[in-house]
>>> print(open('model-v4.csv').read())   # CSV, C-alpha atoms and all ligand atoms
chain,number,residue,atom,x,y,z
A,1,MET,CA,62.0,-45.2,-175.0
A,2,LYS,CA,62.0,-48.9,-174.9
A,3,THR,CA,65.2,-48.9,-172.8
A,4,THR,CA,63.7,-46.5,-170.4
A,5,ARG,CA,60.6,-48.7,-170.0
A,6,TYR,CA,62.8,-51.7,-169.5
A,7,ILE,CA,64.9,-50.0,-166.8
A,8,ALA,CA,61.7,-48.9,-165.1
A,9,THR,CA,60.3,-52.4,-165.1
A,10,THR,CA,63.5,-53.8,-163.7
A,11,PHE,CA,63.5,-51.3,-160.9
A,12,LEU,CA,59.9,-52.2,-160.1
A,13,ALA,CA,60.7,-55.9,-160.1
A,14,LEU,CA,63.7,-55.2,-157.7
A,15,ALA,CA,61.5,-53.1,-155.5
A,16,VAL,CA,58.8,-55.8,-155.3
A,17,SER,CA,61.3,-58.6,-154.5
A,18,ALA,CA,62.9,-56.4,-151.8
A,19,VAL,CA,59.4,-55.9,-150.2
A,20,ALA,CA,58.7,-59.6,-150.6
A,21,LEU,CA,61.9,-60.4,-148.7
A,22,PHE,CA,60.9,-58.3,-145.7
A,23,ALA,CA,57.2,-59.1,-146.1
A,24,LYS,CA,57.5,-62.8,-145.4
A,25,PRO,CA,58.4,-63.5,-141.9
A,26,ILE,CA,59.0,-67.2,-141.3
A,27,PRO,CA,56.1,-68.6,-139.3
A,28,GLY,CA,57.4,-70.3,-136.2
A,29,PRO,CA,56.3,-74.0,-136.1
A,30,LYS,CA,55.0,-73.6,-132.5
A,31,GLY,CA,53.2,-70.4,-133.3
A,32,GLY,CA,56.0,-68.2,-132.1
A,33,ARG,CA,58.3,-65.7,-133.8
A,34,ILE,CA,61.4,-66.8,-135.8
A,35,LEU,CA,64.1,-64.5,-134.6
A,36,THR,CA,66.7,-65.5,-137.2
A,37,THR,CA,66.9,-64.9,-141.0
A,38,ASP,CA,69.3,-67.9,-141.5
A,39,ALA,CA,69.4,-71.4,-140.2
A,40,PRO,CA,69.8,-72.6,-137.5
A,41,HIS,CA,66.6,-70.8,-136.7
A,42,VAL,CA,65.6,-69.7,-133.3
A,43,GLU,CA,61.9,-69.5,-132.3
A,44,PHE,CA,60.6,-67.3,-129.5
A,45,PHE,CA,57.3,-68.6,-128.3
A,46,VAL,CA,55.2,-67.4,-125.3
A,47,GLU,CA,53.2,-70.2,-123.6
A,48,LYS,CA,49.8,-69.7,-122.1
A,49,ASP,CA,51.4,-69.3,-118.7
A,50,ARG,CA,53.6,-66.6,-120.2
A,51,THR,CA,56.8,-68.5,-119.9
A,52,VAL,CA,59.0,-68.3,-122.9
A,53,THR,CA,60.1,-71.3,-125.0
A,54,VAL,CA,63.1,-71.0,-127.3
A,55,SER,CA,63.4,-73.7,-129.9
A,56,PHE,CA,65.9,-74.4,-132.6
A,57,TYR,CA,65.2,-75.5,-136.2
A,58,ASP,CA,67.2,-76.4,-139.2
A,59,LYS,CA,66.8,-74.8,-142.7
A,60,ALA,CA,63.6,-76.9,-143.3
A,61,LEU,CA,62.2,-75.8,-140.0
A,62,LYS,CA,62.7,-79.3,-138.6
A,63,PRO,CA,63.3,-79.2,-134.8
A,64,MET,CA,67.0,-79.5,-133.8
A,65,ALA,CA,68.2,-81.1,-130.7
A,66,LEU,CA,69.8,-78.8,-128.2
A,67,SER,CA,73.6,-78.8,-128.5
A,68,GLY,CA,74.6,-76.7,-125.5
A,69,GLN,CA,73.0,-73.5,-126.5
A,70,VAL,CA,72.6,-70.9,-123.7
A,71,VAL,CA,69.7,-68.6,-123.7
A,72,SER,CA,68.7,-65.7,-121.5
A,73,ALA,CA,66.2,-62.9,-122.0
A,74,THR,CA,65.4,-59.5,-120.6
A,75,ALA,CA,61.9,-58.3,-120.6
A,76,GLU,CA,61.9,-54.5,-120.7
A,77,ALA,CA,58.5,-54.2,-119.1
A,78,LYS,CA,57.0,-50.9,-118.1
A,79,SER,CA,57.2,-52.0,-114.5
A,80,GLY,CA,61.0,-52.5,-114.9
A,81,LYS,CA,63.4,-54.9,-116.5
A,82,VAL,CA,63.1,-58.6,-115.7
A,83,ASN,CA,65.7,-61.1,-116.4
A,84,LEU,CA,64.6,-64.6,-117.4
A,85,ALA,CA,66.7,-67.6,-117.0
A,86,PHE,CA,66.2,-70.7,-119.2
A,87,ALA,CA,66.4,-74.4,-118.5
A,88,GLU,CA,66.1,-77.4,-120.8
A,89,LYS,CA,62.7,-78.9,-121.2
A,90,ASN,CA,61.4,-81.3,-123.9
A,91,GLY,CA,64.2,-80.5,-126.2
A,92,ALA,CA,63.8,-76.7,-126.0
A,93,LEU,CA,64.9,-74.0,-123.6
A,94,VAL,CA,62.1,-72.8,-121.4
A,95,SER,CA,62.2,-69.7,-119.1
A,96,LYS,CA,62.0,-70.5,-115.4
A,97,THR,CA,59.8,-67.5,-114.8
A,98,ALA,CA,56.9,-65.9,-116.7
A,99,LEU,CA,57.0,-62.7,-118.6
A,100,PRO,CA,56.0,-59.7,-116.5
A,101,GLU,CA,52.5,-58.2,-116.5
A,102,GLY,CA,51.2,-56.3,-119.5
A,103,ASP,CA,52.5,-56.2,-123.1
A,104,ASP,CA,53.8,-53.7,-125.6
A,105,TYR,CA,57.3,-54.0,-124.4
A,106,THR,CA,60.6,-55.3,-125.8
A,107,VAL,CA,62.1,-58.7,-124.9
A,108,VAL,CA,65.7,-59.0,-125.7
A,109,VAL,CA,66.6,-62.6,-126.3
A,110,GLN,CA,70.3,-63.5,-126.0
A,111,VAL,CA,71.4,-66.7,-127.6
A,112,ARG,CA,74.8,-68.3,-127.4
A,113,ASP,CA,75.6,-71.4,-129.5
A,114,ASN,CA,77.5,-72.7,-126.5
A,115,ALA,CA,78.6,-71.5,-123.1
A,116,SER,CA,81.7,-69.8,-124.5
A,117,ALA,CA,80.3,-68.5,-127.8
A,118,ARG,CA,79.7,-64.8,-128.4
A,119,PRO,CA,76.1,-63.9,-127.6
A,120,LYS,CA,73.6,-62.9,-130.3
A,121,ASN,CA,70.9,-60.6,-129.3
A,122,TYR,CA,67.4,-60.5,-130.8
A,123,ARG,CA,64.7,-58.0,-130.0
A,124,VAL,CA,61.0,-58.9,-130.0
A,125,LEU,CA,58.3,-56.5,-129.4
A,126,PHE,CA,55.9,-58.5,-127.2
A,127,HIS,CA,52.3,-58.0,-128.0
A,128,ASP,CA,49.8,-60.3,-126.3
A,129,GLU,CA,46.8,-59.9,-128.6
A,130,ILE,CA,45.9,-62.0,-131.6
A,131,CYS,CA,46.4,-60.6,-135.1
A,132,ALA,CA,43.1,-60.3,-136.9
A,133,GLU,CA,44.6,-61.1,-140.2
A,134,CYS,CA,46.9,-64.1,-139.7
A,135,LYS,CA,45.3,-65.3,-136.4
A,136,ARG,CA,48.8,-65.6,-134.8
A,137,ALA,CA,49.9,-63.9,-131.7
A,138,GLU,CA,50.7,-60.3,-132.6
A,139,TYR,CA,54.4,-60.7,-131.6
A,140,ALA,CA,54.6,-63.6,-134.0
A,141,CYS,CA,52.5,-62.0,-136.7
A,142,THR,CA,53.5,-63.1,-140.3
A,143,CYS,CA,51.5,-60.4,-142.1
A,144,ASP,CA,53.3,-58.0,-144.5
A,145,ASP,CA,54.9,-55.8,-141.9
A,146,ALA,CA,56.7,-53.6,-144.4
A,147,GLY,CA,53.5,-53.0,-146.3
A,148,LYS,CA,51.1,-52.7,-143.4
A,149,ASP,CA,50.7,-49.0,-143.8
A,150,HIS,CA,50.4,-49.1,-147.5
A,151,LYS,CA,48.1,-52.1,-147.7
A,152,HIS,CA,45.6,-50.3,-149.9
A,153,ASP,CA,48.2,-49.2,-152.4
A,154,HIS,CA,48.5,-52.7,-153.8
A,155,ASP,CA,44.9,-53.8,-153.2
A,156,ASP,CA,43.9,-54.7,-156.7
A,157,LYS,CA,40.2,-54.9,-156.0
A,158,LYS,CA,40.1,-51.2,-155.3
A,159,LYS,CA,41.8,-50.3,-158.6
A,160,LYS,CA,39.5,-52.3,-160.8
B,201,ZN,ZN,49.2,-60.9,-138.7
>>> encode(input="model-v4.csv", output="structure tokens")
Amino acid sequence: MKTTRYIATTFLALAVSAVALFAKPIPGPKGGRILTTDAPHVEFFVEKDRTVTVSFYDKALKPMALSGQVVSATAEAKSGKVNLAFAEKNGALVSKTALPEGDDYTVVVQVRDNASARPKNYRVLFHDEICAECKRAEYACTCDDAGKDHKHDHDDKKKK
């Protein structure tokens, strides 16, 4: 019996840590979304004028100087796909044009470490509103995404 309980506990612990891994998105220093899981980190941030700023950070989320990265993005807006080109500005790469009207569409961000490197694609679901819980832009929300639908399952106050 003891063994069974031990195994069950271990399983629970594993499940919890797996949830924790997914549940903790890294908050982007500028308020944007960190697209990467490993350093160097890439942050996708939408400015007030809806241009996109892509910044790079090291493991400790310290800003990294650009080293020839090439970024482009495709906004898959309902009105049609729009390609965004990026240019260097204040140590980051900023889109030359703004995101198209509306929200609730995917933005595919393509990052190359340098002009000849293989592109890495990251998908961001762009939502313009502010998250009521973490007060960040919804596309950069750091709330427990994986547990969002089960929020009340581990709400201790309700059980007591
Ligand atoms: Zn949130």
>>> closest_atom_pairs(input="model-v4.csv", of="segment 34-108 of chain A", to="segment 139-142 of chain A", cutoff="9 Å", atoms="all atoms listed in the file", output="JSON lines")
{"residue": "A:Ile34", "atom": "CA", "partner": "A:Ala140", "partner_atom": "CA", "distance": 7.7}
{"residue": "A:Phe44", "atom": "CA", "partner": "A:Ala140", "partner_atom": "CA", "distance": 8.4}
{"residue": "A:Phe45", "atom": "CA", "partner": "A:Ala140", "partner_atom": "CA", "distance": 8.0}
>>> residues_near_ligand(input="model-v4.csv", ligand="ligand ZN 201 (chain B)", cutoff="9 Å", atoms="all atoms listed in the file", output="list of chain:residue names")
A:Ile130, A:Cys131, A:Ala132, A:Glu133, A:Cys134, A:Lys135, A:Arg136, A:Ala137, A:Glu138, A:Tyr139, A:Ala140, A:Cys141, A:Thr142, A:Cys143, A:Asp144, A:Asp145
>>> write_last_selection(input="model-v4.csv", atoms="C-alpha atoms", output="PDB file, keeping the file's coordinate frame")
ATOM      1  CA  ILE A 130      45.900 -62.000-131.600  1.00  0.00           C
ATOM      2  CA  CYS A 131      46.400 -60.600-135.100  1.00  0.00           C
ATOM      3  CA  ALA A 132      43.100 -60.300-136.900  1.00  0.00           C
ATOM      4  CA  GLU A 133      44.600 -61.100-140.200  1.00  0.00           C
ATOM      5  CA  CYS A 134      46.900 -64.100-139.700  1.00  0.00           C
ATOM      6  CA  LYS A 135      45.300 -65.300-136.400  1.00  0.00           C
ATOM      7  CA  ARG A 136      48.800 -65.600-134.800  1.00  0.00           C
ATOM      8  CA  ALA A 137      49.900 -63.900-131.700  1.00  0.00           C
ATOM      9  CA  GLU A 138      50.700 -60.300-132.600  1.00  0.00           C
ATOM     10  CA  TYR A 139      54.400 -60.700-131.600  1.00  0.00           C
ATOM     11  CA  ALA A 140      54.600 -63.600-134.000  1.00  0.00           C
ATOM     12  CA  CYS A 141      52.500 -62.000-136.700  1.00  0.00           C
ATOM     13  CA  THR A 142      53.500 -63.100-140.300  1.00  0.00           C
ATOM     14  CA  CYS A 143      51.500 -60.400-142.100  1.00  0.00           C
ATOM     15  CA  ASP A 144      53.300 -58.000-144.500  1.00  0.00           C
ATOM     16  CA  ASP A 145      54.900 -55.800-141.900  1.00  0.00           C
TER      17      ASP A 145
END
>>> closest_residue(input="model-v4.csv", among="A:Pro40, A:Ala87, A:Arg33, A:Asp49", to="Arg123 of chain A", atoms="all atoms listed in the file")
A:Arg33
>>> closest_atom_pairs(input="model-v4.csv", of="segment 11-75 of chain A", to="segment 97-103 of chain A", cutoff="9 Å", atoms="all atoms listed in the file", output="tab-separated table")
residue	atom	partner	partner_atom	distance
A:Val46	CA	A:Leu99	CA	8.4
A:Glu47	CA	A:Ala98	CA	8.9
A:Asp49	CA	A:Ala98	CA	6.8
A:Arg50	CA	A:Ala98	CA	4.9
A:Thr51	CA	A:Ala98	CA	4.1
A:Val52	CA	A:Ala98	CA	7.0
A:Ala75	CA	A:Leu99	CA	6.9
>>> residues_around(input="model-v4.csv", residues="segment 60-65 of chain A", least_positions_apart="4", cutoff="8 Å", atoms="all atoms listed in the file", output="ChimeraX atom specification")
/A:29,41,55-56,91-92
>>> closest_residue(input="model-v4.csv", among="A:Ser116, A:Ser95, A:Thr36, A:Asn121", to="Val82 of chain A", atoms="all atoms listed in the file")
A:Ser95
